[in-house]
Every structure is written in structure tokens, then in C-alpha cells.
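Undergrad: One file is attached below, structure08.txt, containing compact mmCIF, C-alpha atoms.
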```txt
# COMPACT_ATOMS: atom_id res chain seq x y z
CA MET I 1 2.36 -21.48 -63.33
CA LYS I 2 5.27 -21.42 -65.70
CA ARG I 3 8.51 -21.60 -63.76
CA ILE I 4 11.17 -19.17 -64.78
CA SER I 5 14.73 -19.91 -63.80
CA ALA I 6 16.19 -16.84 -64.91
CA PRO I 7 19.81 -16.00 -64.39
CA LEU I 8 20.45 -17.34 -67.84
CA PHE I 9 17.68 -15.33 -69.38
CA VAL I 10 18.77 -12.20 -67.60
CA ALA I 11 22.29 -12.66 -68.91
CA LEU I 12 20.81 -12.96 -72.36
CA LEU I 13 18.85 -9.79 -71.93
CA VAL I 14 21.95 -7.93 -70.92
CA VAL I 15 24.09 -9.31 -73.72
CA THR I 16 21.54 -9.01 -76.45
CA GLY I 17 19.68 -5.92 -75.30
CA CYS I 18 16.46 -7.92 -75.12
CA GLY I 19 16.31 -8.25 -78.86
CA THR I 20 17.89 -11.48 -80.04
CA VAL I 21 17.23 -14.10 -77.40
CA PRO I 22 17.67 -17.59 -78.90
CA GLN I 23 14.11 -18.38 -77.89
CA ALA I 24 13.93 -22.05 -78.91
CA SER I 25 16.98 -23.23 -76.99
CA PHE I 26 16.12 -20.94 -74.10
CA ASN I 27 12.63 -22.39 -73.75
CA SER I 28 14.12 -25.88 -73.74
CA TYR I 29 16.55 -24.76 -71.07
CA LEU I 30 13.73 -23.36 -68.91
CA GLN I 31 11.78 -26.60 -69.08
CA SER I 32 14.88 -28.65 -68.30
CA PHE I 33 15.90 -26.42 -65.42
CA SER I 34 12.51 -26.79 -63.77
CA GLY I 35 13.27 -30.52 -63.60
CA VAL I 36 16.61 -29.89 -61.95
CA LYS I 37 14.94 -27.58 -59.45
CA ALA I 38 12.27 -30.18 -58.73
CA ASN I 39 15.01 -32.69 -58.01
CA ALA I 40 16.71 -30.26 -55.64
CA GLU I 41 13.42 -29.86 -53.79
CA ASP I 42 12.92 -33.62 -53.62
CA LEU I 43 16.40 -34.22 -52.23
CA TYR I 44 16.15 -31.45 -49.62
CA LEU I 45 12.70 -32.56 -48.47
CA ARG I 46 13.75 -36.20 -48.18
CA SER I 47 16.77 -35.03 -46.20
CA THR I 48 14.46 -33.20 -43.80
CA LEU I 49 12.59 -36.45 -43.21
CA ALA I 50 15.90 -38.24 -42.65
CA ALA I 51 16.94 -35.57 -40.11
CA GLU I 52 13.69 -36.14 -38.20
CA ASN I 53 14.28 -39.88 -38.23
CA ILE I 54 17.84 -39.49 -36.94
CA ALA I 55 16.68 -37.36 -34.00
CA SER I 56 14.53 -40.19 -32.68
CA ARG I 57 17.06 -43.02 -32.97
CA PRO I 58 18.01 -44.81 -29.73
CA GLU I 59 21.73 -44.53 -30.48
CA LYS I 60 21.45 -40.76 -30.82
CA GLU I 61 23.29 -39.07 -27.97
CA GLY I 62 22.16 -36.02 -25.97
CA THR I 63 19.19 -34.91 -23.89
CA VAL I 64 15.72 -34.54 -25.38
CA ALA I 65 16.11 -30.76 -25.32
CA GLU I 66 19.49 -30.92 -27.07
CA LYS I 67 18.19 -33.26 -29.73
CA PHE I 68 15.17 -31.06 -30.29
CA LYS I 69 17.30 -27.93 -30.70
CA GLU I 70 19.67 -29.74 -33.06
CA LEU I 71 16.78 -30.97 -35.17
CA GLU I 72 15.29 -27.48 -35.35
CA ASN I 73 18.66 -26.09 -36.50
CA ARG I 74 18.97 -28.75 -39.16
CA LYS I 75 15.45 -28.33 -40.44
CA ALA I 76 15.97 -24.58 -40.56
CA ALA I 77 19.19 -25.03 -42.55
CA LEU I 78 17.57 -27.40 -45.05
CA GLU I 79 14.55 -25.12 -45.30
CA THR I 80 16.81 -22.13 -45.86
CA GLY I 81 18.53 -23.91 -48.74
CA LEU I 82 15.20 -24.64 -50.33
CA ALA I 83 13.85 -21.17 -49.66
CA ALA I 84 16.91 -19.49 -51.13
CA VAL I 85 16.56 -21.44 -54.36
CA ASN I 86 12.85 -20.75 -54.63
CA LEU I 87 13.06 -17.09 -53.74
CA ILE I 88 15.85 -16.40 -56.17
CA ASP I 89 13.86 -18.21 -58.82
CA ARG I 90 10.90 -15.98 -58.07
CA TYR I 91 13.00 -12.89 -57.70
CA ASN I 92 14.44 -13.52 -61.12
CA SER I 93 11.07 -14.13 -62.66
CA VAL I 94 9.86 -10.77 -61.41
CA LEU I 95 12.96 -8.99 -62.67
CA ILE I 96 12.68 -10.65 -66.05
CA ALA I 97 9.06 -9.76 -66.32
CA LEU I 98 9.86 -6.15 -65.61
CA ALA I 99 12.95 -5.98 -67.82
CA SER I 100 11.31 -7.66 -70.79
CA GLY I 101 8.25 -5.45 -70.66
CA LYS I 102 5.75 -8.18 -69.88
CA SER I 103 2.15 -7.25 -69.31
CA LYS I 104 0.99 -5.98 -65.94
CA GLU I 105 -1.05 -9.16 -65.46
CA SER I 106 1.96 -11.35 -66.12
CA VAL I 107 4.12 -9.48 -63.62
CA GLN I 108 1.34 -9.65 -61.07
CA SER I 109 1.15 -13.39 -61.61
CA ASP I 110 4.85 -13.76 -60.79
CA LEU I 111 4.44 -11.66 -57.66
CA THR I 112 1.48 -13.73 -56.54
CA GLY I 113 3.65 -16.81 -56.99
CA LEU I 114 6.28 -15.29 -54.76
CA GLN I 115 3.70 -14.61 -52.08
CA GLN I 116 2.43 -18.18 -52.37
CA ASP I 117 5.95 -19.50 -51.96
CA LEU I 118 6.34 -17.50 -48.78
CA SER I 119 2.93 -18.59 -47.46
CA SER I 120 3.62 -22.24 -48.13
CA LEU I 121 6.44 -22.21 -45.59
CA ASN I 122 3.77 -21.72 -42.94
CA LEU I 123 5.99 -19.96 -40.45
CA GLN I 124 4.79 -17.19 -38.21
CA ARG I 125 7.30 -14.62 -39.32
CA ILE I 126 6.79 -15.48 -42.98
CA THR I 127 3.05 -15.21 -42.55
CA LYS I 128 3.57 -11.70 -41.21
CA MET I 129 5.67 -10.92 -44.27
CA VAL I 130 2.90 -12.06 -46.53
CA GLU I 131 0.43 -9.95 -44.63
CA LYS I 132 2.57 -6.99 -45.59
CA ALA I 133 2.59 -8.03 -49.24
CA GLY I 134 0.41 -5.18 -50.36
CA PRO I 135 3.34 -3.03 -51.55
CA TYR I 136 4.13 -5.70 -54.15
CA LEU I 137 1.21 -4.51 -56.17
CA GLU I 138 2.83 -1.08 -56.27
CA VAL I 139 5.91 -2.76 -57.65
CA VAL I 140 3.82 -4.02 -60.52
CA SER I 141 2.64 -0.62 -61.59
CA GLN I 142 6.02 0.98 -60.98
CA GLY I 143 7.72 -1.85 -62.81
CA VAL I 144 5.56 -1.54 -65.87
CA ALA I 145 6.24 2.17 -65.89
CA LEU I 146 9.92 1.41 -65.53
CA VAL I 147 10.21 -0.68 -68.66
CA GLU I 148 8.59 2.06 -70.64
CA ASP I 149 11.68 4.15 -70.09
CA THR I 150 14.64 2.87 -72.11
CA ILE I 151 17.29 4.54 -69.98
CA LYS I 152 15.87 3.20 -66.77
CA ARG I 153 15.56 -0.22 -68.31
CA LYS I 154 19.26 -0.20 -69.13
CA LYS I 155 20.14 0.66 -65.53
CA PHE I 156 17.77 -2.01 -64.39
CA ALA I 157 19.48 -4.58 -66.62
CA GLU I 158 22.86 -3.57 -65.23
CA ALA I 159 21.59 -4.16 -61.72
CA VAL I 160 20.31 -7.56 -62.78
CA ALA I 161 23.67 -8.47 -64.31
CA ALA I 162 25.38 -7.58 -61.04
CA ALA I 163 23.06 -10.01 -59.27
CA GLN I 164 24.43 -12.95 -61.25
CA LYS I 165 27.38 -13.56 -58.94
CA PRO I 166 25.38 -14.29 -55.78
CA MET I 167 23.03 -16.41 -57.84
CA ALA I 168 25.96 -18.48 -59.07
CA GLY I 169 27.00 -18.71 -55.43
CA ILE I 170 23.72 -20.39 -54.64
CA VAL I 171 24.40 -22.98 -57.36
CA ASP I 172 27.84 -23.58 -55.83
CA ILE I 173 26.25 -24.22 -52.45
CA LEU I 174 23.80 -26.66 -54.02
CA ILE I 175 26.73 -28.55 -55.53
CA ILE I 176 28.58 -28.75 -52.20
CA ASP I 177 25.38 -29.63 -50.34
CA ALA I 178 24.82 -32.48 -52.79
CA ASP I 179 27.77 -34.47 -51.38
CA ASN I 180 26.39 -34.18 -47.85
CA LEU I 181 22.84 -34.97 -48.94
CA GLU I 182 24.16 -38.06 -50.75
CA GLU I 183 25.95 -39.21 -47.60
CA LEU I 184 22.79 -38.64 -45.57
CA LEU I 185 20.40 -40.48 -47.88
CA VAL I 186 22.73 -43.32 -48.92
CA GLN I 187 23.56 -44.12 -45.28
CA ASP I 188 19.82 -44.40 -44.68
CA ILE I 189 19.48 -47.01 -47.42
CA GLN I 190 22.58 -48.86 -46.26
CA ARG I 191 21.11 -49.13 -42.76
CA GLU I 192 18.43 -51.29 -44.34
CA GLN I 193 21.17 -53.58 -45.69
CA ASP I 194 22.86 -54.06 -42.32
CA PRO I 195 20.58 -56.82 -40.95
CA TYR I 196 21.17 -58.93 -44.07
CA PHE I 197 24.89 -58.23 -43.96
CA LYS I 198 24.99 -59.42 -40.36
CA GLN I 199 23.04 -62.55 -41.27
CA ILE I 200 25.45 -63.36 -44.10
CA GLY I 201 28.36 -62.98 -41.66
CA SER I 202 26.69 -65.21 -39.10
CA TYR I 203 25.75 -67.91 -41.63
CA GLY I 204 29.29 -67.77 -43.00
CA GLY I 205 30.65 -68.37 -39.50
CA ARG I 206 28.43 -71.42 -39.04
CA VAL I 207 29.33 -72.85 -42.45
CA ASN I 208 33.00 -72.25 -41.69
CA LYS I 209 32.71 -74.14 -38.40
CA ARG I 210 31.19 -77.13 -40.23
CA LEU I 211 33.91 -77.03 -42.87
CA LYS I 212 36.53 -77.46 -40.15
CA GLU I 213 34.71 -80.47 -38.71
CA LEU I 214 33.73 -82.32 -41.89
CA LYS I 215 35.70 -84.07 -44.60
CA SER I 216 35.27 -82.61 -48.05
CA THR I 217 32.84 -84.59 -50.20
CA PRO I 218 31.17 -83.77 -53.56
CA GLU I 219 27.95 -82.87 -51.70
CA ILE I 220 29.80 -80.48 -49.41
CA VAL I 221 31.67 -78.93 -52.35
CA THR I 222 28.34 -78.34 -54.12
CA LEU I 223 26.78 -76.73 -51.04
CA LEU I 224 29.88 -74.64 -50.44
CA GLY I 225 29.65 -73.51 -54.07
CA ARG I 226 26.10 -72.24 -53.44
CA VAL I 227 27.17 -70.41 -50.30
CA ASN I 228 30.14 -68.82 -52.03
CA GLN I 229 28.17 -67.78 -55.09
CA ALA I 230 25.76 -65.93 -52.81
CA ARG I 231 28.59 -64.36 -50.80
CA VAL I 232 30.54 -63.21 -53.84
CA SER I 233 27.38 -61.72 -55.40
CA LEU I 234 27.53 -59.01 -52.71
CA ALA I 235 30.66 -57.59 -54.36
CA HIS I 236 31.72 -56.43 -50.88
CA GLU I 237 35.42 -56.47 -50.05
CA SER I 238 34.83 -57.98 -46.61
CA VAL I 239 32.70 -60.89 -47.82
CA THR I 240 34.95 -63.42 -49.55
CA ALA I 241 34.55 -67.03 -50.63
CA LEU I 242 34.95 -69.68 -47.90
CA GLU I 243 37.53 -72.46 -48.36
CA PRO I 244 37.30 -76.16 -47.42
CA GLN I 245 39.52 -76.58 -44.34
CA ALA I 246 38.95 -80.02 -42.88
CA GLY I 247 41.62 -81.00 -40.35
CA GLU I 248 42.96 -84.48 -39.63
CA SER I 249 40.26 -85.07 -37.04
CA ALA I 250 37.47 -84.24 -39.50
CA SER I 251 34.62 -86.71 -39.76
CA THR I 252 32.43 -87.78 -42.66
CA ALA I 253 29.30 -85.68 -43.00
CA SER I 254 26.10 -87.33 -41.78
CA SER I 255 22.77 -86.64 -43.49
CA ALA I 256 21.94 -84.29 -40.58
CA ASP I 257 25.17 -82.37 -41.27
CA LEU I 258 24.26 -82.10 -44.95
CA ASP I 259 20.72 -80.97 -44.07
CA ALA I 260 22.14 -78.27 -41.80
CA LEU I 261 24.51 -77.07 -44.52
CA THR I 262 21.66 -77.08 -47.04
CA VAL I 263 19.59 -74.84 -44.76
CA LEU I 264 22.56 -72.50 -44.25
CA ALA I 265 23.14 -72.32 -48.01
CA GLY I 266 19.47 -71.41 -48.57
CA GLN I 267 19.55 -68.78 -45.80
CA THR I 268 22.73 -67.27 -47.22
CA GLU I 269 21.16 -67.08 -50.68
CA SER I 270 18.02 -65.39 -49.32
CA ALA I 271 19.98 -62.83 -47.32
CA ALA I 272 22.25 -62.08 -50.29
CA LEU I 273 19.23 -61.60 -52.54
CA ALA I 274 17.66 -59.12 -50.10
CA TYR I 275 20.97 -57.31 -49.64
CA ASN I 276 21.54 -57.01 -53.40
CA LYS I 277 18.03 -55.74 -54.00
CA ILE I 278 18.71 -52.86 -51.62
CA GLU I 279 22.13 -52.37 -53.24
CA GLU I 280 20.30 -51.54 -56.47
CA ARG I 281 18.66 -48.65 -54.63
CA VAL I 282 22.03 -47.51 -53.29
CA LYS I 283 23.40 -47.46 -56.84
CA ALA I 284 20.31 -45.72 -58.19
CA GLN I 285 20.50 -43.08 -55.45
CA ARG I 286 24.18 -42.45 -56.14
CA ALA I 287 23.39 -42.14 -59.86
CA VAL I 288 20.77 -39.48 -59.09
CA PHE I 289 23.34 -37.45 -57.17
CA ARG I 290 25.95 -37.91 -59.88
CA GLU I 291 23.55 -36.60 -62.53
CA TYR I 292 22.23 -33.90 -60.22
CA LYS I 293 25.73 -32.55 -59.68
CA ASN I 294 26.45 -32.83 -63.41
CA ALA I 295 23.30 -30.86 -64.18
CA LEU I 296 24.29 -28.15 -61.70
CA LEU I 297 27.77 -27.96 -63.19
CA ALA I 298 26.22 -27.74 -66.65
CA THR I 299 24.05 -24.90 -65.38
CA LYS I 300 27.14 -22.99 -64.35
CA ARG I 301 28.81 -23.66 -67.68
CA THR I 302 25.70 -22.50 -69.49
CA PHE I 303 25.64 -19.27 -67.48
CA ALA I 304 29.22 -18.54 -68.42
CA ALA I 305 28.79 -19.45 -72.08
CA LEU I 306 25.67 -17.42 -72.53
CA LYS I 307 27.26 -14.35 -71.04
CA ASP I 308 30.61 -14.42 -72.80
CA ASP I 309 30.62 -16.63 -75.87
CA THR I 310 29.23 -16.68 -79.36
CA GLU I 311 25.73 -17.77 -80.24
CA ALA I 312 27.12 -21.15 -81.36
CA GLY I 313 28.80 -21.53 -77.99
CA ARG I 314 25.58 -20.64 -76.20
CA TYR I 315 23.70 -23.21 -78.23
CA ALA I 316 26.25 -25.93 -77.45
CA ALA I 317 26.21 -25.11 -73.73
CA THR I 318 22.42 -25.11 -73.61
CA ARG I 319 22.27 -28.42 -75.48
CA ASP I 320 24.81 -29.88 -73.05
CA PHE I 321 22.70 -28.72 -70.12
CA ILE I 322 19.52 -30.18 -71.58
CA GLN I 323 21.24 -33.54 -72.02
CA GLN I 324 22.41 -33.47 -68.39
CA ALA I 325 18.90 -32.61 -67.24
CA ARG I 326 17.57 -35.60 -69.21
CA ASP I 327 20.19 -37.87 -67.63
CA LEU I 328 19.08 -36.63 -64.22
CA ARG I 329 15.44 -37.39 -65.01
CA MET I 330 16.40 -40.88 -66.14
CA ALA I 331 18.39 -41.49 -62.96
CA ALA I 332 15.47 -40.29 -60.81
CA LEU I 333 13.10 -42.62 -62.65
CA LYS I 334 15.44 -45.57 -62.12
CA LEU I 335 15.60 -44.79 -58.40
CA ARG I 336 11.79 -44.86 -58.23
CA GLU I 337 11.74 -48.21 -60.03
CA ALA I 338 14.33 -49.62 -57.62
CA ARG I 339 12.10 -48.88 -54.59
CA MET V 1 37.37 -29.48 -45.74
CA ALA V 2 37.20 -30.49 -42.06
CA ASP V 3 33.63 -31.77 -42.36
CA ASN V 4 34.60 -34.10 -45.16
CA LYS V 5 37.54 -35.43 -43.15
CA VAL V 6 35.21 -36.27 -40.28
CA SER V 7 32.88 -37.95 -42.70
CA GLU V 8 35.74 -39.99 -44.22
CA LEU V 9 36.81 -41.14 -40.75
CA TYR V 10 33.33 -42.43 -40.04
CA LYS V 11 33.20 -44.21 -43.38
CA LYS V 12 36.55 -45.85 -42.64
CA ALA V 13 35.30 -46.97 -39.22
CA ILE V 14 32.16 -48.38 -40.85
CA LYS V 15 34.29 -50.45 -43.25
CA GLU V 16 36.36 -51.82 -40.39
CA LEU V 17 33.27 -52.81 -38.45
CA GLN V 18 31.86 -54.50 -41.54
CA ALA V 19 35.08 -56.50 -41.83
CA VAL V 20 34.55 -57.74 -38.25
CA ILE V 21 30.89 -58.58 -38.92
CA ALA V 22 31.68 -60.45 -42.14
CA HIS V 23 34.66 -62.44 -40.85
CA PRO V 24 33.74 -66.14 -40.52
CA ASP V 25 35.75 -66.53 -37.31
CA THR V 26 33.87 -63.75 -35.50
CA ASP V 27 31.52 -65.11 -32.82
CA ASP V 28 27.90 -63.98 -32.85
CA ALA V 29 28.16 -61.94 -29.64
CA THR V 30 31.04 -59.90 -31.06
CA ARG V 31 29.18 -59.60 -34.36
CA GLU V 32 26.15 -58.22 -32.52
CA GLU V 33 28.28 -55.69 -30.68
CA ALA V 34 29.96 -54.59 -33.94
CA ASP V 35 26.55 -54.21 -35.55
CA LYS V 36 25.42 -51.87 -32.75
CA LYS V 37 28.54 -49.76 -33.23
CA LEU V 38 27.94 -49.78 -36.97
CA LYS V 39 24.48 -48.27 -36.44
CA SER V 40 26.00 -45.63 -34.20
CA PHE V 41 28.69 -44.72 -36.75
CA ARG V 42 26.18 -44.51 -39.57
CA THR V 43 24.19 -42.02 -37.49
CA LYS V 44 27.36 -40.07 -36.71
CA ALA V 45 28.24 -39.94 -40.41
CA GLN V 46 24.77 -38.58 -41.11
CA ASP V 47 25.16 -36.10 -38.24
CA ALA V 48 28.39 -34.85 -39.82
CA ALA V 49 26.67 -34.42 -43.20
CA LEU V 50 23.83 -32.43 -41.66
CA ASP V 51 26.20 -30.31 -39.57
CA ALA V 52 28.10 -29.40 -42.74
CA ILE V 53 24.87 -28.20 -44.36
CA VAL V 54 23.99 -26.19 -41.23
CA ALA V 55 27.44 -24.58 -41.27
CA ARG V 56 26.94 -23.56 -44.89
CA THR V 57 23.78 -21.60 -44.07
CA GLN V 58 25.95 -18.59 -43.29
CA ASN V 59 27.28 -18.66 -46.86
CA LEU V 60 23.72 -18.47 -48.12
CA GLN V 61 23.27 -15.47 -45.87
CA GLY V 62 26.29 -13.87 -47.53
CA PHE V 63 24.88 -14.36 -50.99
CA MET V 64 21.58 -12.88 -49.96
CA ASN V 65 23.45 -9.89 -48.57
CA ASP V 66 25.18 -9.54 -51.94
CA LEU V 67 21.82 -9.53 -53.64
CA GLN V 68 20.65 -6.81 -51.32
CA ALA V 69 23.75 -4.78 -52.12
CA VAL V 70 22.89 -5.06 -55.80
CA ALA V 71 19.44 -3.71 -55.08
CA ALA V 72 20.88 -0.88 -53.02
CA LYS V 73 23.11 0.06 -55.94
CA ALA V 74 20.16 0.06 -58.28
CA ASP V 75 18.32 2.28 -55.84
CA HIS V 76 21.22 4.71 -55.73
CA SER V 77 21.74 4.87 -59.49
CA ASP V 78 18.10 5.30 -60.29
CA SER V 79 15.66 7.24 -58.20
CA SER V 80 12.75 5.33 -59.67
CA ALA V 81 10.33 4.28 -56.98
CA GLY V 82 9.97 1.01 -58.84
CA VAL V 83 13.59 0.06 -58.26
CA ALA V 84 13.30 1.17 -54.64
CA LYS V 85 10.41 -1.21 -54.22
CA LEU V 86 12.49 -4.00 -55.71
CA LYS V 87 14.97 -3.41 -52.92
CA GLY V 88 12.14 -4.11 -50.51
CA LEU V 89 11.35 -7.28 -52.39
CA ILE V 90 14.89 -8.56 -51.93
CA GLY V 91 14.74 -7.49 -48.30
CA GLU V 92 11.86 -9.92 -47.81
CA ALA V 93 14.00 -12.68 -49.27
CA LYS V 94 16.81 -11.79 -46.91
CA GLY V 95 14.35 -11.83 -44.02
CA LEU V 96 13.65 -15.44 -44.77
CA ILE V 97 17.33 -16.28 -44.56
CA ASP V 98 17.55 -14.34 -41.28
CA LEU V 99 14.75 -16.49 -40.02
CA GLY V 100 16.77 -19.60 -40.78
CA LYS V 101 19.71 -18.11 -38.93
CA GLY V 102 17.57 -17.02 -36.02
CA LEU V 103 16.36 -20.55 -35.47
CA SER V 104 19.89 -21.89 -35.33
```
Can I see the file as C-alpha cells?

TA:
Amino acid sequence: MKRISAPLFVALLVVTGCGTVPQASFNSYLQSFSGVKANAEDLYLRSTLAAENIASRPEKEGTVAEKFKELENRKAALETGLAAVNLIDRYNSVLIALASGKSKESVQSDLTGLQQDLSSLNLQRITKMVEKAGPYLEVVSQGVALVEDTIKRKKFAEAVAAAQKPMAGIVDILIIDADNLEELLVQDIQREQDPYFKQIGSYGGRVNKRLKELKSTPEIVTLLGRVNQARVSLAHESVTALEPQAGESASTASSADLDALTVLAGQTESAALAYNKIEERVKAQRAVFREYKNALLATKRTFAALKDDTEAGRYAATRDFIQQARDLRMAALKLREAR
Amino acid sequence: MADNKVSELYKKAIKELQAVIAHPDTDDATREEADKKLKSFRTKAQDAALDAIVARTQNLQGFMNDLQAVAAKADHSDSSAGVAKLKGLIGEAKGLIDLGKGLS
């Protein structure tokens, strides 16, 4: 089913009286917005999985009952965020259908979609709501009758315009949520880096101990160079290059000493490689959130421009939004490739 | 925002623990202990992020209430049964948000 993300369209209807909607740019906007919405869904659903994972960690404090209740609260909150976005999307699509005088079948299709959204949540109370969905069909017939009356349609459009503020509020919440979702998901990826980080620290300690005991030779300098190259590749402020530090009592390295240092250099390189591979995912995930927030901000700007500015301004704002939505898609694709 | 401050504190603690883990003079036993604490702080940072989202659920409730008020106004200004039914439609949406609140 075609997704309609409609606050923008509704604003257009109000401003233009349904007559001069810049259809081409608006259609592009709709397609782009569905991508942004899909990303929001992806991020919220992945966060739900992360919340479940956190609840079962050994370091997690609290009784089983407490942890269960906390998890239920968190899942409900994440689900509410998702549901609010989806329901407003559907709500808008129904209002648009009515206000723009769409066919009865088209309106019914939007209503069916709303019912499906509710059913898909698979919750007892929601299921009961859907069971009572019969009156929606009355809305269809009443709605079609409504748009046949110009005066009523005007009042209807005014009511829709008044609904824009809470809808913008939802976008604001998505933007604020994004910072917390980023923290949640990035920490998850960084947990995967921790074992390699610990290994690099441990290998560094062993190499350092040898450096204190052994006189500096060209072989040792070469091996130390390998170790340091791997360490510096982490670009982490706590992991710095090691320095030769042989004391007066230092001895000449035996072949066994050199073998041991060679093994440590190889282990450090392997751990750094694994760490850096995961770091690519961290960067890709952060890029997704950066573009996601940019796209949401562009959405807000587009709302404002379409309501208040000239047609040229609307076009520029829509084009800006579409570019942001493309950037978000690109960032999401890069994250997939980094996995 | 208080939630962000908590989150920043955890991030700072994580950096400090990483400095201990990475230091070449740290012995392995201490490194192991720091790594355990690091895990714990990462989880706490994630807890703080999730708690902030839970706390924001009430704001969503507020916006849904605003939407309902819009519908009520439409109902008042136009006696059309169609608009009245739309109010019911929004009421269903609000019910969903109430459900989220009820679980918390």
C-alpha cells in the first residue's frame, strides 16, 4: 500500500485550497519520507532487541521480577514511539483521503491499513479495538459525504491544520529519542570491541616489560615499530606508541626473546585489525543517526516552509529534504555493508 | 537535561576505565577487573538511554491528547456525524498510547 506521510500534504491543502499542490515535488517527498519512516522503525525495533539483551546480562542488577518489569516498561515505551508514528501516519492518510475527495474505495483502503497496523501489534487490548473496528466503515461513507460539502470541507481542513502542532511534536520526540537510541546501539557495538581492546592492553604490557629488560637492537626496533603501528591504528587516546626503555641492567635479546616479541607483535596486529573492523561499524552506525536526525530536521523545515513560504521556498525545502533522505539511505546501506 | 548528564558521567567513567586497561604498566588482574567494570558501565549507560526514552512516553501522551482536542473542536464546530466519527478514530490512537502508559 502506498504510504502517505501527510502533515506536509495537509498543510498544502490548507494553504492552496486543494487546488495547486506542487504534485511532482510532493510525490518525491512522500517517497523519501517513507524511507525515513522505515529507518525510524528499524532503529526502534533494533533498540527493543537491545533492551531484551540488556535484561539478561549477568552484570544487570535487580531481582528477576524487577528486571522483568523494567523490560516490559522499556518495550512498551519503544512500542509506543513506533505506534505513535504509525498511527499518526495512518490518521493523516485518512484525513487526506477525506479532505481531497478520494474515492470511497481509496479511503476504505487507508482505514483497512490502520486496522492492520493495530492488529500487527498483537496485544490483547489492541485486538479488542480492532474487533470494534466496524464503525470505521461508517466513517468512510460519512467522510465521502463530507467532502461533497464545500463548507464542511473547509472546517475539516481547519481542524487538520490545527493538528499540525502535535504532529510536529512527535517529530521533536523522534529527534530527541535519536540521541538515546544512538547511545544504546553504539554501546552494543563497542561491547564487541572490548575483548580486543583488553588484548591490546595486555600485549602492550608484555611488550613493555620486555623493552625494560632488553637492549635496543635493530630487530627490536623493527618489532616495536610493528606493535606501535598496530596500536596507533586504533586512533584511541588511551592507546599510545610504546618507547624503548632499556635500563643499565638490560641484556641482549636472545632468539627466544625475539621469537616472543614476534608473537606479541603478530597478536597485537590481529587484535587491532579486529578492533578496527568493528570500529567501522561504530562509525557507520553514528553516520546513520547523524543523517537520520538531519532528515528529521529537514522534515520540520519542510513543514514550516510549505505552510508559510512561497512556492519557490517550498520547492527548495522539499529538495533539501529529499537530499537528506538520500544521505540517510546511503548511510544505512554503508552500515549494512560494514556488518 | 538530567538524563544526558547521567549518560555523560557514564561515558567519562568508561574512558577512564579504558585508560587503565590500555596502560602498559597495568597488571593483567587489574586489567580484568577494569574490564568487568567497563561492561557494567556500558550497561548502565544503556540503561540511562532507555530510561530517558521511557520518561518521554508521557510527552507522546500529551501530543495525542492535543490531537484529541483538535478532533473535539472539529466535532463542536461541525455537527457532521463524519467528523464525530473521526474523533472516535483519534480516540483509538490515544487508547494505544494509554496502553503503553498502563504497562509502565

Undergrad: Find the residue from I:Lys60, I:Arg206, I:Lys75, I:Lys37 that sits nearest to Asp27 (chain V); use only C-alpha atoms when measuring.

TA: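 So, comparing all the options, the nearest one is I:Arg206.
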
Undergrad: Taking all atoms listed in the file into account, which of V:Ile14, V:Ala55, V:Ala48, V:Ala19 comes nearest chain I?

TA: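 Ranking V:Ile14, V:Ala55, V:Ala48, V:Ala19 by distance to chain I, first place goes to V:Ala19.
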
Undergrad: What gap, in Å, lies between CA of Glu61 (chain I) and CA of Val54 (chain V)?

TA: 18.5 Å

Undergrad: Expressed in Å to a single decimal, how great is the separation between CA of Val207 (chain I) and CA of Glu192 (chain I)?

TA: 24.2 Å

Undergrad: Hey, can you check how far CA of Thr217 (chain I) sits from CA of Ala246 (chain I)?

TA: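 These two atoms are separated by 10.6 Å.
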
Undergrad: Rank I:Ala77, I:Leu264, I:Ala250, I:Val282 by their smallest atom-to-atom distance to chain V, using all atoms listed in the file, and report the top residue only.

TA: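 Of I:Ala77, I:Leu264, I:Ala250, I:Val282, the one nearest chain V, counting all atoms listed in the file, is I:Ala77.
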
Undergrad: Any idea what's packed within 9 Å of region 194-199 of chain I, counting all atoms listed in the file, ignoring anything in its chain fewer than 5 positions away? Could you give it as a VMD selection string?

TA: (chain I and resid 204 267 to 268 270 to 272 274 to 275) or (chain V and resid 18 21 to 22 31 to 32 35 38 to 39)

Undergrad: Between V:Lys44, V:Glu16, V:Lys5, V:Pro24, single out the one closest to chain I, counting only C-alpha atoms.

TA: V:Pro24

Undergrad: Counting all atoms listed in the file, which residues have an atom no more than 12 Å from (32.3, -58.9, -52.2) in the file's coordinates? Please list them as a PyMOL selection string.

TA: (chain I and resi 197+200-201+228-242+272+275-276) or (chain V and resi 18-19+22)

Undergrad: What's around Leu43 (chain I) at 10 Å? Count all atoms listed in the file, leave out sequence neighbours fewer than 5 positions away in its own chain, and write the answer as an MDAnalysis selection string.

TA: chainID I and resid 37:38 48 78 82 178 181:182 185 288:289 292

Undergrad: Would you fill out region 203-215 of chain I with N, CA and C atoms and return it as a CSV table (one decimal), in the coordinates of the input?

TA:
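Saved as selection-v7.csv:
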```
chain,number,residue,atom,x,y,z
I,203,TYR,N,25.9,-66.6,-40.9
I,203,TYR,CA,25.8,-67.9,-41.6
I,203,TYR,C,27.1,-68.4,-42.1
I,204,GLY,N,27.9,-67.4,-42.5
I,204,GLY,CA,29.3,-67.8,-43.0
I,204,GLY,C,30.1,-68.4,-41.9
I,205,GLY,N,29.9,-67.8,-40.7
I,205,GLY,CA,30.6,-68.4,-39.5
I,205,GLY,C,30.2,-69.8,-39.2
I,206,ARG,N,28.9,-70.1,-39.3
I,206,ARG,CA,28.4,-71.4,-39.0
I,206,ARG,C,28.9,-72.4,-40.1
I,207,VAL,N,28.9,-72.0,-41.4
I,207,VAL,CA,29.3,-72.8,-42.4
I,207,VAL,C,30.8,-73.1,-42.2
I,208,ASN,N,31.6,-72.1,-41.9
I,208,ASN,CA,33.0,-72.2,-41.7
I,208,ASN,C,33.3,-73.3,-40.6
I,209,LYS,N,32.5,-73.2,-39.5
I,209,LYS,CA,32.7,-74.1,-38.4
I,209,LYS,C,32.5,-75.6,-38.9
I,210,ARG,N,31.5,-75.8,-39.7
I,210,ARG,CA,31.2,-77.1,-40.2
I,210,ARG,C,32.3,-77.6,-41.1
I,211,LEU,N,32.8,-76.7,-41.9
I,211,LEU,CA,33.9,-77.0,-42.9
I,211,LEU,C,35.2,-77.5,-42.1
I,212,LYS,N,35.4,-77.0,-40.9
I,212,LYS,CA,36.5,-77.5,-40.2
I,212,LYS,C,36.3,-78.9,-39.6
I,213,GLU,N,35.0,-79.2,-39.4
I,213,GLU,CA,34.7,-80.5,-38.7
I,213,GLU,C,34.5,-81.6,-39.7
I,214,LEU,N,34.2,-81.3,-40.9
I,214,LEU,CA,33.7,-82.3,-41.9
I,214,LEU,C,34.7,-82.5,-43.0
I,215,LYS,N,34.9,-83.8,-43.4
I,215,LYS,CA,35.7,-84.1,-44.6
I,215,LYS,C,35.0,-83.6,-45.9
```
